[in-house]
$ cat structure25.txt   # compact mmCIF, C-alpha atoms
# COMPACT_ATOMS: atom_id res chain seq x y z
CA MET A 1 35.70 -131.60 91.26
CA PRO A 2 32.64 -133.72 90.45
CA THR A 3 33.26 -136.60 88.06
CA ALA A 4 30.92 -137.70 85.33
CA SER A 5 28.96 -140.90 85.77
CA LEU A 6 29.50 -143.84 83.41
CA SER A 7 26.23 -143.09 81.66
CA GLN A 8 27.09 -139.56 80.63
CA SER A 9 29.91 -137.86 78.80
CA PRO A 10 32.38 -135.74 80.82
CA THR A 11 30.91 -132.60 79.29
CA ALA A 12 27.26 -133.50 79.80
CA GLU A 13 25.36 -131.04 81.95
CA VAL A 14 24.38 -132.42 85.34
CA ARG A 15 20.73 -131.58 85.98
CA PRO A 16 19.37 -131.17 89.51
CA GLY A 17 18.11 -134.56 90.57
CA ASP A 18 20.43 -136.53 88.30
CA ALA A 19 23.53 -136.49 90.50
CA TYR A 20 23.05 -133.71 93.03
CA VAL A 21 21.68 -134.88 96.39
CA GLN A 22 20.38 -131.72 98.00
CA SER A 23 19.86 -133.18 101.47
CA PHE A 24 23.47 -134.40 101.53
CA ALA A 25 24.71 -130.99 100.44
CA ARG A 26 22.68 -129.35 103.19
CA GLY A 27 24.15 -131.76 105.72
CA LEU A 28 27.65 -130.71 104.70
CA GLU A 29 26.65 -127.04 105.05
CA VAL A 30 25.51 -127.73 108.60
CA ILE A 31 28.85 -129.37 109.41
CA ARG A 32 30.76 -126.45 107.89
CA SER A 33 28.76 -123.96 109.93
CA PHE A 34 30.75 -125.01 113.00
CA SER A 35 34.13 -123.32 113.37
CA ALA A 36 36.63 -122.00 115.89
CA SER A 37 34.46 -118.90 116.26
CA ALA A 38 31.25 -120.94 116.50
CA PRO A 39 32.12 -124.31 118.10
CA ARG A 40 28.73 -124.59 119.84
CA GLN A 41 25.52 -123.32 118.28
CA THR A 42 21.82 -123.22 118.94
CA LEU A 43 19.38 -124.54 116.38
CA THR A 44 18.52 -120.95 115.40
CA GLU A 45 22.20 -120.11 114.85
CA VAL A 46 22.77 -123.15 112.65
CA ALA A 47 19.68 -122.30 110.59
CA GLY A 48 20.87 -118.70 110.23
CA ARG A 49 24.38 -119.65 109.14
CA THR A 50 23.20 -122.21 106.59
CA GLY A 51 20.10 -120.50 105.25
CA LEU A 52 17.96 -123.48 106.24
CA THR A 53 14.64 -123.40 108.02
CA ARG A 54 14.71 -124.33 111.70
CA ALA A 55 12.86 -127.54 110.86
CA GLY A 56 15.35 -128.45 108.15
CA ALA A 57 18.36 -127.67 110.32
CA ARG A 58 16.84 -129.68 113.18
CA ARG A 59 16.36 -132.78 111.02
CA ILE A 60 19.97 -132.66 109.84
CA LEU A 61 21.37 -132.01 113.32
CA LEU A 62 19.39 -134.88 114.81
CA THR A 63 20.56 -137.17 111.99
CA LEU A 64 24.18 -136.18 112.63
CA GLN A 65 23.63 -136.69 116.34
CA THR A 66 22.24 -140.19 115.75
CA LEU A 67 25.30 -141.00 113.64
CA GLY A 68 27.61 -139.72 116.36
CA TYR A 69 28.98 -136.67 114.53
CA VAL A 70 27.13 -134.11 116.66
CA GLU A 71 26.36 -133.89 120.38
CA SER A 72 23.86 -131.69 122.21
CA ASP A 73 23.04 -130.67 125.75
CA GLY A 74 19.44 -130.04 124.72
CA ARG A 75 20.08 -126.45 123.62
CA LEU A 76 23.56 -126.18 122.12
CA PHE A 77 24.95 -128.42 119.39
CA ALA A 78 28.63 -129.20 118.79
CA LEU A 79 30.66 -131.48 116.57
CA THR A 80 32.19 -134.58 118.14
CA PRO A 81 35.71 -135.94 117.54
CA ARG A 82 34.15 -138.52 115.24
CA ILE A 83 33.88 -135.81 112.57
CA LEU A 84 37.65 -136.24 112.11
CA ASP A 85 36.91 -139.59 110.46
CA LEU A 86 35.74 -137.69 107.39
CA GLY A 87 39.02 -135.85 107.04
CA PHE A 88 41.16 -138.87 107.81
CA ALA A 89 39.32 -140.80 105.12
CA TYR A 90 40.74 -138.30 102.60
CA LEU A 91 44.23 -138.39 104.08
CA SER A 92 44.35 -142.19 104.25
CA SER A 93 43.16 -142.45 100.65
CA MET A 94 46.03 -140.27 99.44
CA PRO A 95 49.36 -142.15 99.50
CA MET A 96 51.10 -138.82 99.02
CA TRP A 97 50.88 -137.91 102.69
CA ASN A 98 52.35 -141.26 103.75
CA ILE A 99 55.17 -140.58 101.32
CA ALA A 100 55.64 -136.97 102.37
CA GLU A 101 55.74 -137.35 106.15
CA PRO A 102 59.12 -139.10 106.56
CA VAL A 103 60.70 -136.73 104.02
CA MET A 104 59.34 -133.73 105.93
CA GLU A 105 60.53 -135.18 109.24
CA GLN A 106 64.05 -135.45 107.83
CA LEU A 107 63.83 -131.87 106.57
CA VAL A 108 62.76 -130.59 110.00
CA GLU A 109 65.64 -132.46 111.61
CA GLN A 110 68.02 -130.86 109.14
CA VAL A 111 66.85 -127.23 109.24
CA LYS A 112 65.43 -127.15 112.79
CA GLU A 113 62.28 -125.34 111.66
CA SER A 114 58.67 -126.46 111.28
CA CYS A 115 57.48 -127.90 107.97
CA SER A 116 53.94 -128.11 106.61
CA ALA A 117 52.14 -129.36 103.51
CA ALA A 118 49.00 -127.81 102.04
CA VAL A 119 46.67 -127.98 99.06
CA LEU A 120 44.63 -125.24 97.42
CA GLU A 121 40.98 -125.07 98.43
CA GLY A 122 39.30 -122.17 96.65
CA ALA A 123 40.95 -118.98 97.83
CA ASP A 124 42.49 -120.72 100.84
CA ILE A 125 45.19 -123.23 101.54
CA MET A 126 44.28 -126.23 103.66
CA TYR A 127 46.91 -127.90 105.81
CA VAL A 128 47.12 -131.64 105.19
CA LEU A 129 50.33 -132.43 107.09
CA ARG A 130 52.49 -130.65 109.64
CA VAL A 131 55.76 -131.52 111.37
CA SER A 132 56.47 -129.00 114.13
CA THR A 133 59.55 -128.06 116.09
CA ARG A 134 57.91 -125.38 118.23
CA LYS A 135 54.93 -123.05 118.21
CA ILE A 136 55.63 -120.20 115.81
CA MET A 137 52.23 -118.56 115.48
CA ARG A 138 49.76 -117.15 117.93
CA ASN A 139 47.20 -119.63 116.61
CA SER A 140 48.41 -123.22 116.42
CA LEU A 141 47.98 -124.90 113.06
CA GLY A 142 46.93 -128.47 112.46
CA ILE A 143 45.52 -130.72 109.78
CA GLY A 144 42.45 -129.05 108.28
CA SER A 145 43.52 -125.52 109.24
CA ARG A 146 42.90 -122.89 106.58
CA LEU A 147 44.81 -119.74 105.72
CA PRO A 148 44.37 -117.28 102.85
CA ALA A 149 46.38 -118.17 99.77
CA TYR A 150 47.21 -114.60 98.74
CA CYS A 151 49.52 -113.82 101.67
CA THR A 152 51.12 -117.21 102.38
CA SER A 153 54.14 -118.81 100.73
CA MET A 154 52.36 -122.12 100.09
CA GLY A 155 49.33 -120.25 98.79
CA ARG A 156 51.31 -118.28 96.23
CA MET A 157 53.19 -121.41 95.22
CA LEU A 158 49.90 -123.24 94.68
CA LEU A 159 48.43 -120.30 92.78
CA ALA A 160 51.49 -120.47 90.51
CA GLY A 161 50.06 -123.70 89.15
CA LEU A 162 47.05 -121.85 87.73
CA PRO A 163 46.87 -119.66 84.61
CA ASP A 164 47.31 -115.94 85.30
CA HIS A 165 43.72 -115.09 84.36
CA GLU A 166 42.37 -117.60 86.90
CA VAL A 167 44.68 -116.27 89.60
CA LEU A 168 43.61 -112.69 88.91
CA GLU A 169 39.94 -113.64 88.87
CA LEU A 170 40.31 -115.40 92.21
CA LEU A 171 42.21 -112.49 93.76
CA ARG A 172 39.68 -109.93 92.55
CA SER A 173 36.81 -111.94 94.03
CA THR A 174 38.54 -112.37 97.41
CA PRO A 175 38.82 -109.68 100.11
CA LEU A 176 42.56 -109.04 100.38
CA GLU A 177 42.91 -107.98 104.00
CA ALA A 178 46.02 -106.20 105.25
CA ARG A 179 46.90 -108.69 107.97
CA THR A 180 50.13 -106.83 108.73
CA ARG A 181 51.78 -103.64 107.50
CA HIS A 182 53.70 -105.81 105.02
CA THR A 183 50.69 -107.53 103.39
CA LEU A 184 50.17 -106.97 99.67
CA THR A 185 46.50 -106.19 99.05
CA GLU A 186 46.42 -105.24 95.36
CA PRO A 187 45.53 -108.20 93.09
CA GLU A 188 48.08 -107.16 90.48
CA ALA A 189 50.85 -106.96 93.08
CA VAL A 190 50.00 -110.42 94.42
CA LEU A 191 49.85 -111.78 90.86
CA ALA A 192 53.37 -110.46 90.26
CA LYS A 193 54.58 -112.42 93.29
CA VAL A 194 52.77 -115.54 92.03
CA GLN A 195 54.45 -115.14 88.63
CA GLN A 196 57.81 -114.77 90.37
CA ALA A 197 57.17 -117.98 92.33
CA ARG A 198 56.32 -119.76 89.09
CA ARG A 199 59.56 -118.59 87.43
CA HIS A 200 61.79 -119.39 90.39
CA GLY A 201 60.11 -122.61 91.53
CA TRP A 202 59.92 -121.39 95.14
CA CYS A 203 58.32 -118.61 97.16
CA LEU A 204 59.35 -116.63 100.23
CA VAL A 205 56.83 -114.53 102.19
CA ASN A 206 58.13 -112.14 104.83
CA GLN A 207 55.67 -111.13 107.57
CA GLU A 208 52.61 -110.74 105.32
CA LEU A 209 50.49 -113.24 107.24
CA GLU A 210 51.67 -112.38 110.73
CA GLU A 211 54.26 -110.00 112.16
CA GLY A 212 57.54 -111.79 112.68
CA LEU A 213 56.56 -114.86 110.65
CA LEU A 214 58.75 -115.92 107.74
CA SER A 215 57.91 -118.74 105.35
CA LEU A 216 59.59 -120.42 102.38
CA ALA A 217 57.66 -122.79 100.09
CA ALA A 218 58.33 -125.18 97.21
CA PRO A 219 55.90 -127.10 94.97
CA VAL A 220 55.03 -130.78 94.92
CA VAL A 221 54.16 -131.86 91.38
CA ASN A 222 52.56 -134.94 89.86
CA ARG A 223 53.90 -137.02 87.00
CA ALA A 224 52.56 -134.50 84.48
CA GLY A 225 54.40 -131.66 86.20
CA ARG A 226 51.26 -130.07 87.60
CA ILE A 227 51.46 -128.50 91.06
CA ILE A 228 49.22 -130.53 93.39
CA ALA A 229 50.53 -129.43 96.79
CA SER A 230 53.18 -127.32 98.43
CA ILE A 231 55.49 -127.74 101.40
CA ASN A 232 57.07 -124.97 103.42
CA ILE A 233 59.49 -124.12 106.18
CA SER A 234 58.36 -121.53 108.72
CA GLY A 235 60.37 -119.52 111.20
CA GLN A 236 60.67 -116.26 113.07
CA VAL A 237 62.59 -113.29 111.66
CA ASN A 238 64.02 -112.48 115.07
CA ARG A 239 66.17 -115.60 114.83
CA THR A 240 66.26 -116.29 111.07
CA SER A 241 66.45 -113.50 108.50
CA PRO A 242 64.95 -113.90 105.01
CA ARG A 243 68.47 -114.05 103.53
CA VAL A 244 69.62 -116.72 105.99
CA MET A 245 66.48 -118.78 105.38
CA GLN A 246 66.93 -118.58 101.62
CA ASP A 247 70.67 -119.31 101.69
CA ALA A 248 70.56 -122.12 104.25
CA MET A 249 67.17 -123.75 103.76
CA LEU A 250 66.05 -123.31 100.15
CA VAL A 251 68.18 -126.13 98.75
CA PRO A 252 67.07 -128.76 101.31
CA LEU A 253 63.45 -127.61 100.98
CA ARG A 254 63.48 -127.97 97.21
CA GLU A 255 65.24 -131.32 97.46
CA ALA A 256 62.55 -132.54 99.85
CA ALA A 257 59.76 -131.32 97.54
CA GLN A 258 61.43 -132.98 94.56
CA LEU A 259 61.87 -136.24 96.47
CA ILE A 260 58.20 -136.28 97.44
CA SER A 261 57.25 -135.57 93.82
CA GLN A 262 59.51 -138.38 92.54
CA ARG A 263 58.19 -140.90 95.04
CA LEU A 264 54.63 -139.88 94.25
CA ALA A 265 55.33 -140.57 90.57
CA GLY A 266 56.78 -143.95 91.48
CA GLY A 267 60.35 -142.88 90.74
$ encode --input "structure25.txt" --output "structure tokens"
Amino acid sequence: MPTASLSQSPTAEVRPGDAYVQSFARGLEVIRSFSASAPRQTLTEVAGRTGLTRAGARRILLTLQTLGYVESDGRLFALTPRILDLGFAYLSSMPMWNIAEPVMEQLVEQVKESCSAAVLEGADIMYVLRVSTRKIMRNSLGIGSRLPAYCTSMGRMLLAGLPDHEVLELLRSTPLEARTRHTLTEPEAVLAKVQQARRHGWCLVNQELEEGLLSLAAPVVNRAGRIIASINISGQVNRTSPRVMQDAMLVPLREAAQLISQRLAGG
């Protein structure tokens, strides 16, 4: 969320030109236009995905190439590994992830299942830390991976930190795709699950994101008690039933989340 400058009150309206750097924003749009489905693009494709003119897209791409964030064979452009510096700058500036990792490693050792941490980013969750035991999904997940919040345990747990009207507004403005035959796609039904997660302080999702995938999440809160992240345990139903996961893993998961929250608060 943008912060107010020292010369204006927090509620002052930011006028174009005062704090908004349009060229910088366009550069970020160009970076975000690259994805798993479009890892290499022509100039025309970048312009089409960003809404920029070819000339504007070219200037930004060449600037990024000069800085080492983009490479090109003369026709196709692609991001370079240096782009990871931008994400690691966020992670290294947040002591939470340094605090969380050893706790999550201990949890994985205890329950023998993978553990991840995520934050809410719009209608998605973004993975910020992952400790794996084995591959449990068709698509491997890593730092920066995104998944929809509405059908994931961490997503519902994170949504539980928002007021109901905000959750419902977000759900109604987001395409709720039936990713499996178990996926809830009605906003009101998802809201009910979010409310349940808020009451219980944990959330279990059974095969709504992917067939066979089971996930149990708990919240990480700040000193004020606000949910700022979520951690989960993931497994396969063919070896761990929902009841077994809840009975055997919920307590250690919640203890890990509480320990991370306490350490984050300096306790």
$ residues_around --input "structure25.txt" --residues "Pro102 (chain A)" --least-positions-apart "4" --cutoff "12 Å" --atoms "all atoms listed in the file" --output "list in words"
Met96, Trp97, Asn98, Gln106, Leu107, Val108, Glu109, Cys115, Leu129, Arg130, Val131, Ala256, Ala257, Leu259, Ile260 and Arg263 of chain A
$ closest_residue --input "structure25.txt" --among "A:Val111, A:Arg82, A:Leu62, A:Glu186" --to "Val244 (chain A)" --atoms "only C-alpha atoms"
A:Val111
$ atom_distance --input "structure25.txt" --atom1 "CA of Ile83 (chain A)" --atom2 "CA of Gly27 (chain A)"
12.6 Å
$ residues_around --input "structure25.txt" --residues "region 154-167 of chain A" --least-positions-apart "2" --cutoff "7 Å" --atoms "all atoms listed in the file" --output "list of chain:residue names"
A:Ala118, A:Leu120, A:Ile125, A:Ala149, A:Tyr150, A:Thr152, A:Glu169, A:Leu170, A:Leu171, A:Leu191, A:Val194, A:Gln195, A:Ala197, A:Arg198, A:Trp202, A:Cys203, A:Ala217, A:Ala218, A:Pro219, A:Arg226, A:Ile227, A:Ala229, A:Ser230, A:Ile231, A:Asn232
$ residues_near_point --input "structure25.txt" --point "(51.4, -138.3, 85.9)" --cutoff "10 Å" --atoms "all atoms listed in the file" --output "PyMOL selection string"
chain A and resi 221-226+264-266
$ atom_distance --input "structure25.txt" --atom1 "CA of Ala55 (chain A)" --atom2 "CA of Pro81 (chain A)"
25.2 Å
$ atom_distance --input "structure25.txt" --atom1 "CA of Thr42 (chain A)" --atom2 "CA of Leu86 (chain A)"
23.2 Å
$ residues_around --input "structure25.txt" --residues "region 64-75 of chain A" --least-positions-apart "2" --cutoff "12 Å" --atoms "all atoms listed in the file" --output "PyMOL selection string"
chain A and resi 24+26-28+30-31+34+39-46+57-62+77-86
$ closest_residue --input "structure25.txt" --among "A:Ala178, A:Leu216, A:Ala100, A:Leu168" --to "Leu204 (chain A)" --atoms "only C-alpha atoms"
A:Leu216
$ closest_residue --input "structure25.txt" --among "A:Ser215, A:Asn238, A:Ser116, A:Asn206" --to "Ser132 (chain A)" --atoms "only C-alpha atoms"
A:Ser116
$ residues_around --input "structure25.txt" --residues "Leu214 (chain A)" --least-positions-apart "2" --cutoff "9 Å" --atoms "only C-alpha atoms" --output "PyMOL selection string"
chain A and resi 153+204-212+216+233-237+240-242+245
$ closest_residue --input "structure25.txt" --among "A:Ala47, A:Ala36, A:Cys151, A:Leu52" --to "His182 (chain A)" --atoms "only C-alpha atoms"
A:Cys151
